[in-house]
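Asker: Starting off with a structure, shown below.
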There are 4 protein chains.
Amino acid sequence: MKRLLSILFLTFLYLTAALSQDKLIRVGEVPGYVTLKCDFHMHTVFSDGEVWPTVRIEEAAKEGLDAIAITDHIEYQPNKEYISADLNAAWKIAGETARKKNIILVHGAEITRKMPPGHFNALFIEDAGKLTDKDFITVIREAIRQGAFIEWNHPGWKAQRPKGDAHLDSIHKVLLANGWLHGIELFNDIESYQGVLTLCIEHHLAVMANSDIHIPYETGYYPGSTHHRPMTLVFAKDRNEKELKEALFAGRTIVWYGDSLAGDKALADPFVKSCLTMGPVYCESEKYCWREIINNSDILFEIVVKSDDKLSDEPLKVSLSPNSITRLRLPVSLASRFVCTFTNVKVSDNVALEIISFFADSDLTIP
Amino acid sequence: MKRLLSILFLTFLYLTAALSQDKLIRVGEVPGYVTLKCDFHMHTVFSDGEVWPTVRIEEAAKEGLDAIAITDHIEYQPNKEYISADLNAAWKIAGETARKKNIILVHGAEITRKMPPGHFNALFIEDAGKLTDKDFITVIREAIRQGAFIEWNHPGWKAQRPKGDAHLDSIHKVLLANGWLHGIELFNDIESYQGVLTLCIEHHLAVMANSDIHIPYETGYYPGSTHHRPMTLVFAKDRNEKELKEALFAGRTIVWYGDSLAGDKALADPFVKSCLTMGPVYCESEKYCWREIINNSDILFEIVVKSDDKLSDEPLKVSLSPNSITRLRLPVSLASRFVCTFTNVKVSDNVALEIISFFADSDLTIP
Amino acid sequence: MKRLLSILFLTFLYLTAALSQDKLIRVGEVPGYVTLKCDFHMHTVFSDGEVWPTVRIEEAAKEGLDAIAITDHIEYQPNKEYISADLNAAWKIAGETARKKNIILVHGAEITRKMPPGHFNALFIEDAGKLTDKDFITVIREAIRQGAFIEWNHPGWKAQRPKGDAHLDSIHKVLLANGWLHGIELFNDIESYQGVLTLCIEHHLAVMANSDIHIPYETGYYPGSTHHRPMTLVFAKDRNEKELKEALFAGRTIVWYGDSLAGDKALADPFVKSCLTMGPVYCESEKYCWREIINNSDILFEIVVKSDDKLSDEPLKVSLSPNSITRLRLPVSLASRFVCTFTNVKVSDNVALEIISFFADSDLTIP
Amino acid sequence: MKRLLSILFLTFLYLTAALSQDKLIRVGEVPGYVTLKCDFHMHTVFSDGEVWPTVRIEEAAKEGLDAIAITDHIEYQPNKEYISADLNAAWKIAGETARKKNIILVHGAEITRKMPPGHFNALFIEDAGKLTDKDFITVIREAIRQGAFIEWNHPGWKAQRPKGDAHLDSIHKVLLANGWLHGIELFNDIESYQGVLTLCIEHHLAVMANSDIHIPYETGYYPGSTHHRPMTLVFAKDRNEKELKEALFAGRTIVWYGDSLAGDKALADPFVKSCLTMGPVYCESEKYCWREIINNSDILFEIVVKSDDKLSDEPLKVSLSPNSITRLRLPVSLASRFVCTFTNVKVSDNVALEIISFFADSDLTIP
C-alpha cells in the first residue's frame, strides 16, 4: 500500500506541474479594491451532489475563480446509506487542495427548509454540525453566533414560489430586522429573480450569483468555453478570506452570469468603465467620424447610443464582444461625446446603467 | 422532505427530456456484428475516484459509449473514513441511471496487487465482496467461479515496471495455462504498452483500451471535443450484456485511442474498409488522375500510397480526416488500383495494416 | 518566369495532396435520387465581389457542396476601371479548378434590374455576353433560347420591396405564363421571404436557397463551423450537370439554411425520415418508457410530440441535435407510436411537417 | 444604377456598425514604445493572389493587426488577360477601407527575381510603376530614391535555395555595403530560415515575419482561431506610418509565428517580462512551495527552470498557456528566485532567452 501511495503521489506531482493551466478571467475593477471571482453555493456527494469535494476546488481553479463555498444541505442527505453524516466533511477534505490551488475555501452549509423561509447558506461558519436544530430561528442564531454571513438562496425558485418572484414573507422581515440577512441570490444556476436587486440596494445587502452546481461542472450545465457559471464579483481590500468576509458584509458585490451584470450603480459604473478603453476618433467627412472602443474584458457589453441627431434616425445598438476592438461610425455630433446605455448592466430591477461621457473632446479632429 | 424529493424528481424529468443529447460516434463495422464502444476500467468515490457512480453513466452516455464497467479497487479505499466499504455499492447505485441511459453496465472490480502480478479487472462478476482474500490465486479462482472475464490492466505501467514493456512473469503464465486470463490493456489512460498486441494475438486474448479515469471526464485528461477516451471496440452479435460477454471471451475486439487503432488483421481489415468509400476517379491528362476517398467515420486514418511509378518519387502520405472527402492526385497507374498502408492501424506490434485493392478497375475513364 | 511557374505548380501539387480535406455534409435522401448540395448565386471581382473566381470553387469544395453557379451582375461592374468586361470570364477562369475539385460549375449570370422585375439568375447559359439588351424581356428570351433555367432572386429584398414580401407583379405573371420562370429564392444570404414556398408549390417551381456571397466565405457572414450557407438541396438522378439541370427544371428541391428547412411535402417527408433512425424502446414502469431517436444527419430537427395523455400536460418539445442520440421519456401510450410535428421544416408558408408514425408497434416491451 | 449604389451603401453602413468586431491581440511591450502588429508581405488579384485588395484590409482588421503592406509581384502578372497592369492599383483601391478600419497601409511591391538575388519587398514607396527595369540594381536604386525600406523575402525558400539556408551571395553583400538592405524575413508563410537572426543582429537589420498570403486568410493556411499568421512586432514611438517607418529603419522588431518568437535580446527580454506577472508564493512544507505565474498575453511560453537542487532531478519543463495562471510546485530553494530559459524565444540562431530573476525575495513566506 505504501508503494501505491507513493506512486499516486508521484503522479499527482507530475500532473500538478504539467497541467495546472488555469484560465485567467478578465473582469473590471473598482478603484481601491481587487475583484474576487466567487461562487458561494455548490454541492458534493456529502449531500445530493455527484462529486468528491476536491473536484469543486479543481473546477474553481480551472475556471479562474478566487473563492468558493461548498454548501451541502444540512437537512437533505440522500446518500447517507453510503456516506458519512459528518456535516463538516466536505470542508475538511477539500482544504489541502484549496491551499495548493490558491483558492479561498469558505466554510459553509445550506439550511434547507420549506418556503417560508426557504433555503439559506451560512458562510464563514465554524461547525455545521451545530446547525441542525428543527427550529429555523435557533439555527440562524447559532450561525450568527459563529460569525456567519447569511445568504438567502434562490428566493424565487419556482418549486417553492410558483410565480418566481422574490418578495419578503414575515420570517424574512424578522431576519432583516435583526441584521441576520446579509445577501440574496439574484442568479442561481440558470435562473434569475425579479426584485432581488431592489431589495439588496434598499437593505444594503450583498447581491449574489452562484452556480448551485450538483454535477461535474463541464459535464453539466455549462457546455463549452463560451459560457461561465454565475459569479459573485466581490470588491475586497485584498485577496484573502478576512478581506473577502469584510467586503461581503459591506455589500461590495456585483453579479455576472451569461451576458448579464447587475449591481449598485456606485460599483457598476466604475467597474464597467475600467473594462473599456476609448481608442482614437478619425473622421471620414464633415458629417461622419469613426470611434474605436476597446473591450479589454471577458465580458460582453450591449450598448445603445442615444442621439437626437438627424443623421441617425434609429438608436445605434452595438454588442462590444469580449477582448475586441469595435469601430463605430457616428454622426460627428456624437463622435466626441455620447450618452450610452449598457442594456445588459442593471443598476436596479428595471434600470440599465447609463454612462454619459467617456471621451475628452480634445481628441477629436475633423479633416 | 417529500416535497423536496418531488421537486428534485420533476427537475430530473425536465433535464432528461431536454438535455439528453448524446454524441453519435461513427466507427466501422465487421460484417455480422454490431460494434459496441466500451470502457471497462474506471473509478468512483468508492475507491480513489472523485465522482459518484452515476456520473460515470452520464459521461458514457454523453460520449456515445455502449457499455462500461466501474472497477473500484478492492484493496485500496483511501476514502474509507467517509465512505461505505460495500464493494458492490458503485454497481448498485449506478444501475438505475444505466437503464435510463441505455448503457450496459458491467459489474466489475479491480484486484490491485504489486507487480507481479499487478492489477487485474474482474468483469461480469456476481459479488466483489468475495474477492478480498490476501492470496491472489484464491481471488482469481473465486472470480472465475463467478464467471468473470479477467483483464490484465496496464501491464507496462512504469510505476510497476520501469521499462514500460509488457512481458509475462511466471504468475501470468500460470493464469494463461489455466485459462484465467482473457484480455490485456494495450491502451490505459494516455499510455500504451509494447508487446500487448502480439501477446493477445498469440494467446487468443481480447486486446483492450480503457480510460482508468479517476476524475470527472471533461475536467480531466481529455480537453475539448477533439479527443476521446481509449475505447475497446467489441464486435458482438447484438447490443446486450450477454452478447457483449460472448464477444469479449471470443476476443472479438480492436482498440482505439487518439488517432491510433490496433487489433487482429482479421477484424481490422473489414473494420477499416467499412469506414471508407471510394468516390469517382476523373483524369486531368494522360498522366494524372484524381481519386476521391470519403471517410465516413469519426476516425482519422493516416495512409501511405506505395508506388514504383516514376511520376511519384516519394511515397504519398495523406491523412484522411474524420467525416471528410479527400481528393488525391495520382499517376494514372495508381488511379485504378493502389496498395496503401494504414500507418496508424497496427495489426501486430510492429506491422501496420496494408490494404491492396479498394477499387474496381472498371470505374476509371481517361479523357 | 518558367522557373517561377514550375515552382508554383509544384507547390500546388503539394497543397492539393496534403490539404484537400473537404467536409462531408450529411443530409437526407429521397428514394431514387442523390442529394446534391448547391449554391446558385455568388459574386467575384468580375462584378462587385471581392474574390477571384477560383476562390468560389475552393470554398464550395471545402464546405462539401456538389454544384455552384457564379452569377456576376451583367449590368453592374464597379471594378471595370481595373477588370475586364468579359461577362464569361469568371466561368472560364474557374473551370479548371472546378474539374480538379469535382465541383459542378454551372454557367450563370445575374440580370440586375429595378423592381419590377428585380434580379434574376440565368443558369446553364451559353454566353452571358448576349444578355445585355436594355429590354428585360429581350434578355429573358435570349436566355431561354440558350436553354437557361430562370431563377427569381430575393423577391422580397427590402431594398427593392420595403415590406419584404414576395408577391407577383404583372411582369412576373408574364414570365410564369410563358414558362420563363423556373425557380424562386426563399433564402438569400441571411434573409427569407414569406410567400415563396406557396408560389413554388402552386406553380411547380423549384424552391431555392443561395448565399449571394460577395466577400470571402469564412471572413464574412458565416463565422465558425456551426453555421452553413443557404443551400438548395437538389434530388437528381445522378451527380452530373445534365441530371442537375433535369432535376431543377422538374422542381425537385428543398432548401436548408441555419436550422430551417422548407419544401414540398412529397420531398420533405421522405427526406426527413431518411435522416432519423428509431432506436430501441425500454420501459421503466407501466406508465413510462424511453425511446431513442438517432439523428444521423448534420441537420438539427425541432420536434413537438402531440399527446392527449394525462401524464403529459404540455406538449413535449425537443431539439434533435445533429449527429446525436436523444432519449425521450414518454407516457407508455406514446412510446410505440406518436404523432410529431417538425416545427423547423415548413411544407407550406405556414404549415410545418407532421409525421404520424415512425414506429412499428412490435418493438415495444413493457417490463 | 444610382438606386443600386445607394442600396449597397446603406448595407455597408449597417454591416460596418454591426459586425466590425475585431480581435484584440495581447502581446508584450518594450518600455517607451507601442507594439505594432504587422504583416508586410501579401498578394491580391493584381499579381497572383486570389482576393480583391480591400479583403486584405478586412482580414488584417479582423485579426487585430495595426499595419500591412500589399506587395504584388512587379514581374509576375498571371491574371493580366483580365486585370489592369497598374502596379499601384491595389494600394489605391485599398486606401479607403484602410482609413475606415484604422489600418496603416504601407505602399509596397515585390521585386521578383531568380536567386540570386531572389525576391525583395520595397516598402514605403511612392510609385511601383517606376520599379520595372530589367536590371535589379537599377530598380533598387530607384526604390531607395523613393525612400524605400528594402526587405529580403524568404532568403532560404527551397524553391530557390534547395538547402533552405539564408547565406549571403555577392549581390546581397553589395546591398548591405550600400545600406540598401534593411530587413530580412525569418518567418514566411509556414517556413523559417536558419541564419537570419544572426545576420539581422550582426548587420543591425530588422528581423521580419510575414504571411506572403495569396488566398483568403481563413480559407487557407490558417485554420481556426488557435493559429495566427506570422507577424512582425514593431516597437514604434507612436501608432502612425511615420513612426512605423522610423522603427523599422531602426531595426526595432521581433517576430512571432505559431508558438515561436525571435529577436535581439535587448528587445526580447523586456517584451517577455511584460507578458508575465508573478503571483504569490505559498509553501506547503519546509521543502516545497507553490509559485503562481500569470501569462497576460496571447503568446504561449515554453520554459525550463534550471536547478541543482536534489529535490528535482530533472529540469522542470512547463508551457505557460496564453491568458492563464500556472501554479508551479518548486523546491523551496527555487521558489523565491529561479533562472529559467524560454525555449521558444530565440535571441540568436541557436540561443534561447534566459531570464535570471523574476522575483523579489521578500514575498516568500515559509509556514
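For the C-alpha cells, the naming scheme is as follows: chains receive sequential letters (A, B, ...) according to their order of presentation, residues are indexed from 1 within each chain, and ligands are indexed from 1 in presentation order.
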Quick one: residues within 6 Å of range 146-163 of chain C, only C-alpha atoms counted, chain neighbours fewer than 6 positions away excluded, as a list in words?
Answerer: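 Surrounding residues, per the criterion: Met115, His119, Phe120, Asn121, Ala122, Leu123, Phe124, Ile125, Glu126, Leu181, His182, Gly183, Ile184, Glu185, Asn188 and Tyr193 of chain C.
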Asker: Please provide as a PDB file with all heavy atoms, in the first residue's frame all residues within 8 Å of Leu24 in chain C, with the sequence filter that same-chain residues fewer than 4 positions apart are discarded (counting only C-alpha atoms).
Answerer:
```
ATOM      1  N   ILE B 294     -13.771   8.963 -49.458  1.00  0.00           N
ATOM      2  CA  ILE B 294     -14.696   9.521 -48.472  1.00  0.00           C
ATOM      3  C   ILE B 294     -14.533   8.765 -47.169  1.00  0.00           C
ATOM      4  O   ILE B 294     -14.661   7.539 -47.127  1.00  0.00           O
ATOM      5  CB  ILE B 294     -16.146   9.418 -48.986  1.00  0.00           C
ATOM      6  CG1 ILE B 294     -16.266  10.191 -50.316  1.00  0.00           C
ATOM      7  CG2 ILE B 294     -17.132   9.954 -47.948  1.00  0.00           C
ATOM      8  CD1 ILE B 294     -17.491   9.829 -51.113  1.00  0.00           C
ATOM      9  N   ASN B 296     -16.187   8.122 -43.922  1.00  0.00           N
ATOM     10  CA  ASN B 296     -17.498   8.259 -43.285  1.00  0.00           C
ATOM     11  C   ASN B 296     -17.443   8.150 -41.768  1.00  0.00           C
ATOM     12  O   ASN B 296     -18.478   8.204 -41.111  1.00  0.00           O
ATOM     13  CB  ASN B 296     -18.428   7.150 -43.800  1.00  0.00           C
ATOM     14  CG  ASN B 296     -18.663   7.245 -45.288  1.00  0.00           C
ATOM     15  OD1 ASN B 296     -19.333   8.152 -45.744  1.00  0.00           O
ATOM     16  ND2 ASN B 296     -18.086   6.322 -46.051  1.00  0.00           N
ATOM     17  N   ASN B 323     -14.863  12.231 -41.251  1.00  0.00           N
ATOM     18  CA  ASN B 323     -16.002  12.828 -41.943  1.00  0.00           C
ATOM     19  C   ASN B 323     -15.567  13.814 -43.022  1.00  0.00           C
ATOM     20  O   ASN B 323     -15.967  14.978 -43.028  1.00  0.00           O
ATOM     21  CB  ASN B 323     -16.913  13.537 -40.936  1.00  0.00           C
ATOM     22  CG  ASN B 323     -17.389  12.599 -39.863  1.00  0.00           C
ATOM     23  OD1 ASN B 323     -18.070  11.618 -40.154  1.00  0.00           O
ATOM     24  ND2 ASN B 323     -16.998  12.852 -38.624  1.00  0.00           N
ATOM     25  N   SER B 324     -14.723  13.346 -43.886  1.00  0.00           N
ATOM     26  CA  SER B 324     -14.180  14.238 -44.914  1.00  0.00           C
ATOM     27  C   SER B 324     -14.151  13.560 -46.272  1.00  0.00           C
ATOM     28  O   SER B 324     -14.296  12.346 -46.384  1.00  0.00           O
ATOM     29  CB  SER B 324     -12.761  14.657 -44.551  1.00  0.00           C
ATOM     30  OG  SER B 324     -11.870  13.575 -44.768  1.00  0.00           O
ATOM     31  N   ILE B 325     -13.957  14.393 -47.274  1.00  0.00           N
ATOM     32  CA  ILE B 325     -13.723  13.933 -48.632  1.00  0.00           C
ATOM     33  C   ILE B 325     -12.310  14.356 -49.005  1.00  0.00           C
ATOM     34  O   ILE B 325     -11.985  15.537 -48.934  1.00  0.00           O
ATOM     35  CB  ILE B 325     -14.721  14.581 -49.615  1.00  0.00           C
ATOM     36  CG1 ILE B 325     -16.158  14.262 -49.208  1.00  0.00           C
ATOM     37  CG2 ILE B 325     -14.437  14.128 -51.043  1.00  0.00           C
ATOM     38  CD1 ILE B 325     -17.194  15.071 -49.980  1.00  0.00           C
TER      39      ILE B 325
ATOM     40  N   GLU C  63     -16.491  23.260 -48.185  1.00  0.00           N
ATOM     41  CA  GLU C  63     -17.725  23.137 -47.403  1.00  0.00           C
ATOM     42  C   GLU C  63     -18.524  21.886 -47.775  1.00  0.00           C
ATOM     43  O   GLU C  63     -19.513  21.566 -47.118  1.00  0.00           O
ATOM     44  CB  GLU C  63     -18.590  24.389 -47.604  1.00  0.00           C
ATOM     45  CG  GLU C  63     -19.650  24.522 -46.521  1.00  0.00           C
ATOM     46  CD  GLU C  63     -20.627  25.635 -46.829  1.00  0.00           C
ATOM     47  OE1 GLU C  63     -20.398  26.386 -47.786  1.00  0.00           O
ATOM     48  OE2 GLU C  63     -21.633  25.732 -46.094  1.00  0.00           O
ATOM     49  N   GLY C  64     -18.099  21.188 -48.827  1.00  0.00           N
ATOM     50  CA  GLY C  64     -18.783  19.940 -49.162  1.00  0.00           C
ATOM     51  C   GLY C  64     -19.922  20.083 -50.156  1.00  0.00           C
ATOM     52  O   GLY C  64     -20.781  19.201 -50.249  1.00  0.00           O
TER      53      GLY C  64
END
```
Asker: When you count only C-alpha atoms, which of these residues is closest to chain A: B:Val207, B:Val272, B:Val51, B:Val34?
Answerer: B:Val51
Asker: If you count only C-alpha atoms, which residues fall within 6 Å of range 344-349 of chain A, apart from same-chain ones fewer than 4 positions away, as a list in words?
Answerer: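 Answer for this query is Leu197, Thr198, Ser260, Leu261, Ala262, Gly263, Asp264, Lys265, Glu302 and Leu353 of chain A.
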Asker: What does the structure give for the distance between CA of Gln77 in chain C and CA of Lys134 in chain C, in Å to one decimal?
Answerer: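 CA of Lys134 in chain C lies 15.5 Å from CA of Gln77 in chain C.
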Asker: At what distance in Å, to one decimal, does CA of Val305 in chain C lie from CA of Phe338 in chain C?
Answerer: 6.8 Å
Asker: If we count only C-alpha atoms and set the cut-off at 12 Å, which residues sit around Ser211 in chain B, ignoring sequence neighbours fewer than 6 positions away in its own chain? Please answer as a CSV table (one decimal) with C-alpha atoms, in the first residue's frame.
Answerer:
```csv
chain,number,residue,atom,x,y,z
B,38,CYS,CA,-16.8,0.3,-24.4
B,39,ASP,CA,-14.6,1.4,-21.5
B,40,PHE,CA,-14.1,-1.3,-18.9
B,41,HIS,CA,-11.9,0.5,-16.4
B,42,MET,CA,-12.8,3.5,-14.2
B,43,HIS,CA,-13.1,4.6,-10.6
B,56,ARG,CA,-19.7,7.5,-14.9
B,60,ALA,CA,-20.5,7.4,-21.0
B,68,ILE,CA,-18.8,0.5,-19.2
B,69,ALA,CA,-17.6,-1.2,-16.1
B,70,ILE,CA,-16.9,0.6,-12.9
B,71,THR,CA,-13.9,-1.1,-11.4
B,153,ASN,CA,-4.5,-3.9,-16.6
B,154,HIS,CA,-1.7,-1.6,-17.7
B,185,GLU,CA,-4.9,-3.5,-21.9
B,186,LEU,CA,-2.9,-2.1,-24.8
B,187,PHE,CA,-4.1,1.5,-24.0
B,188,ASN,CA,-4.7,2.8,-20.5
B,189,ASP,CA,-5.3,6.5,-19.9
B,190,ILE,CA,-2.6,8.1,-22.1
B,191,GLU,CA,-0.2,5.2,-22.1
B,192,SER,CA,0.3,2.3,-24.4
B,217,TYR,CA,-14.2,13.1,-17.6
B,220,GLY,CA,-9.6,15.9,-16.6
B,221,TYR,CA,-7.4,14.2,-19.1
B,222,TYR,CA,-9.4,14.8,-22.3
B,228,HIS,CA,-11.8,10.8,-26.9
B,229,ARG,CA,-11.1,8.3,-24.3
B,230,PRO,CA,-9.4,4.9,-25.0
B,231,MET,CA,-12.1,2.6,-26.2
B,232,THR,CA,-12.4,-1.1,-26.6
B,255,VAL,CA,-8.8,-0.8,-29.7
B,256,TRP,CA,-8.9,2.9,-30.5
B,257,TYR,CA,-7.3,5.8,-28.8
B,258,GLY,CA,-6.4,9.2,-30.1
```
Asker: Could you list the residues in chain D lying within 10 Å of chain A, using only C-alpha atoms, and format the result as a ChimeraX atom specification?
Answerer: /D:13-14,16-26,61-64,96,99-102,280-284,289-296,316-330
Asker: How far is it from CA of Val27 in chain B to CA of Ser297 in chain B, in Å with one decimal?
Answerer: 5.2 Å
Asker: So which bits of range 243-314 of chain D end up helix (DSSP H, G or I) when you DSSP the backbone, as a PyMOL selection string?
Answerer: chain D and resi 243-249+265-275
Asker: Generate the output file for the selected residues, C-alpha atoms, as an mmCIF file, in the first residue's frame.
Answerer:
```cif
data_model
loop_
_atom_site.group_PDB
_atom_site.id
_atom_site.type_symbol
_atom_site.label_atom_id
_atom_site.label_comp_id
_atom_site.auth_asym_id
_atom_site.auth_seq_id
_atom_site.Cartn_x
_atom_site.Cartn_y
_atom_site.Cartn_z
ATOM 1 C CA GLU D 243 6.848 56.244 -36.600
ATOM 2 C CA LEU D 244 6.352 52.767 -38.053
ATOM 3 C CA LYS D 245 8.882 53.627 -40.745
ATOM 4 C CA GLU D 246 11.300 55.116 -38.215
ATOM 5 C CA ALA D 247 11.111 51.975 -36.064
ATOM 6 C CA LEU D 248 11.660 49.632 -38.996
ATOM 7 C CA PHE D 249 14.739 51.513 -40.209
ATOM 8 C CA LYS D 265 17.778 40.134 -26.581
ATOM 9 C CA ALA D 266 17.637 43.868 -25.850
ATOM 10 C CA LEU D 267 14.046 43.823 -27.132
ATOM 11 C CA ALA D 268 13.002 40.243 -26.374
ATOM 12 C CA ASP D 269 13.902 40.415 -22.703
ATOM 13 C CA PRO D 270 11.687 43.372 -21.705
ATOM 14 C CA PHE D 271 8.987 42.181 -24.130
ATOM 15 C CA VAL D 272 8.727 38.754 -22.500
ATOM 16 C CA LYS D 273 8.881 40.158 -18.980
ATOM 17 C CA SER D 274 5.984 42.491 -19.765
ATOM 18 C CA CYS D 275 3.813 39.498 -20.716
#
```
Asker: Applying 8 Å and only C-alpha atoms, which residues near Leu87 in chain D remain after dropping the ones on its own chain fewer than 4 positions away? List them as a list in words.
Answerer: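 Once the adjacent positions are removed, what remains is Phe46, Asp72, Ile74, Ala128 and Gly129 of chain D.
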Asker: If you keep N, CA, C and O atoms, can you produce a file of those selected residues as an mmCIF file, in the first residue's frame?
Answerer:
```cif
data_model
loop_
_atom_site.group_PDB
_atom_site.id
_atom_site.type_symbol
_atom_site.label_atom_id
_atom_site.label_comp_id
_atom_site.auth_asym_id
_atom_site.auth_seq_id
_atom_site.Cartn_x
_atom_site.Cartn_y
_atom_site.Cartn_z
ATOM 1 N N PHE D 46 -4.086 41.504 -58.271
ATOM 2 C CA PHE D 46 -3.225 42.308 -59.139
ATOM 3 C C PHE D 46 -1.865 41.664 -59.393
ATOM 4 O O PHE D 46 -1.068 42.193 -60.158
ATOM 5 N N ASP D 72 2.241 43.162 -54.335
ATOM 6 C CA ASP D 72 2.088 42.333 -55.528
ATOM 7 C C ASP D 72 3.387 42.295 -56.330
ATOM 8 O O ASP D 72 4.169 43.250 -56.321
ATOM 9 N N ILE D 74 5.952 42.644 -59.142
ATOM 10 C CA ILE D 74 6.119 43.547 -60.273
ATOM 11 C C ILE D 74 6.285 42.758 -61.565
ATOM 12 O O ILE D 74 5.692 43.085 -62.591
ATOM 13 N N ALA D 128 5.153 52.217 -57.659
ATOM 14 C CA ALA D 128 5.662 50.908 -58.069
ATOM 15 C C ALA D 128 5.882 50.849 -59.566
ATOM 16 O O ALA D 128 6.683 50.046 -60.067
ATOM 17 N N GLY D 129 5.227 51.715 -60.289
ATOM 18 C CA GLY D 129 5.364 51.727 -61.743
ATOM 19 C C GLY D 129 6.768 52.076 -62.207
ATOM 20 O O GLY D 129 7.126 51.835 -63.365
#
```
Asker: Taking the DSSP assignment computed from this structure's backbone, write out as a ChimeraX atom specification all residues of range 78-129 of chain B that belong to strand (DSSP E or B).
Answerer: /B:83,104-112,119-123
Asker: Excluding Gly32 in chain B and any residue of its chain fewer than 4 positions from it, enumerate the residues within 9 Å of it, using only C-alpha atoms, and give them as a compact mmCIF listing (two decimals) with C-alpha atoms, in the first residue's frame.
Answerer:
```
# COMPACT_ATOMS: atom_id res chain seq x y z
CA PHE B 235 -17.88 -6.87 -32.22
CA ALA B 236 -20.96 -8.50 -30.70
CA LYS B 237 -23.87 -10.39 -32.19
```
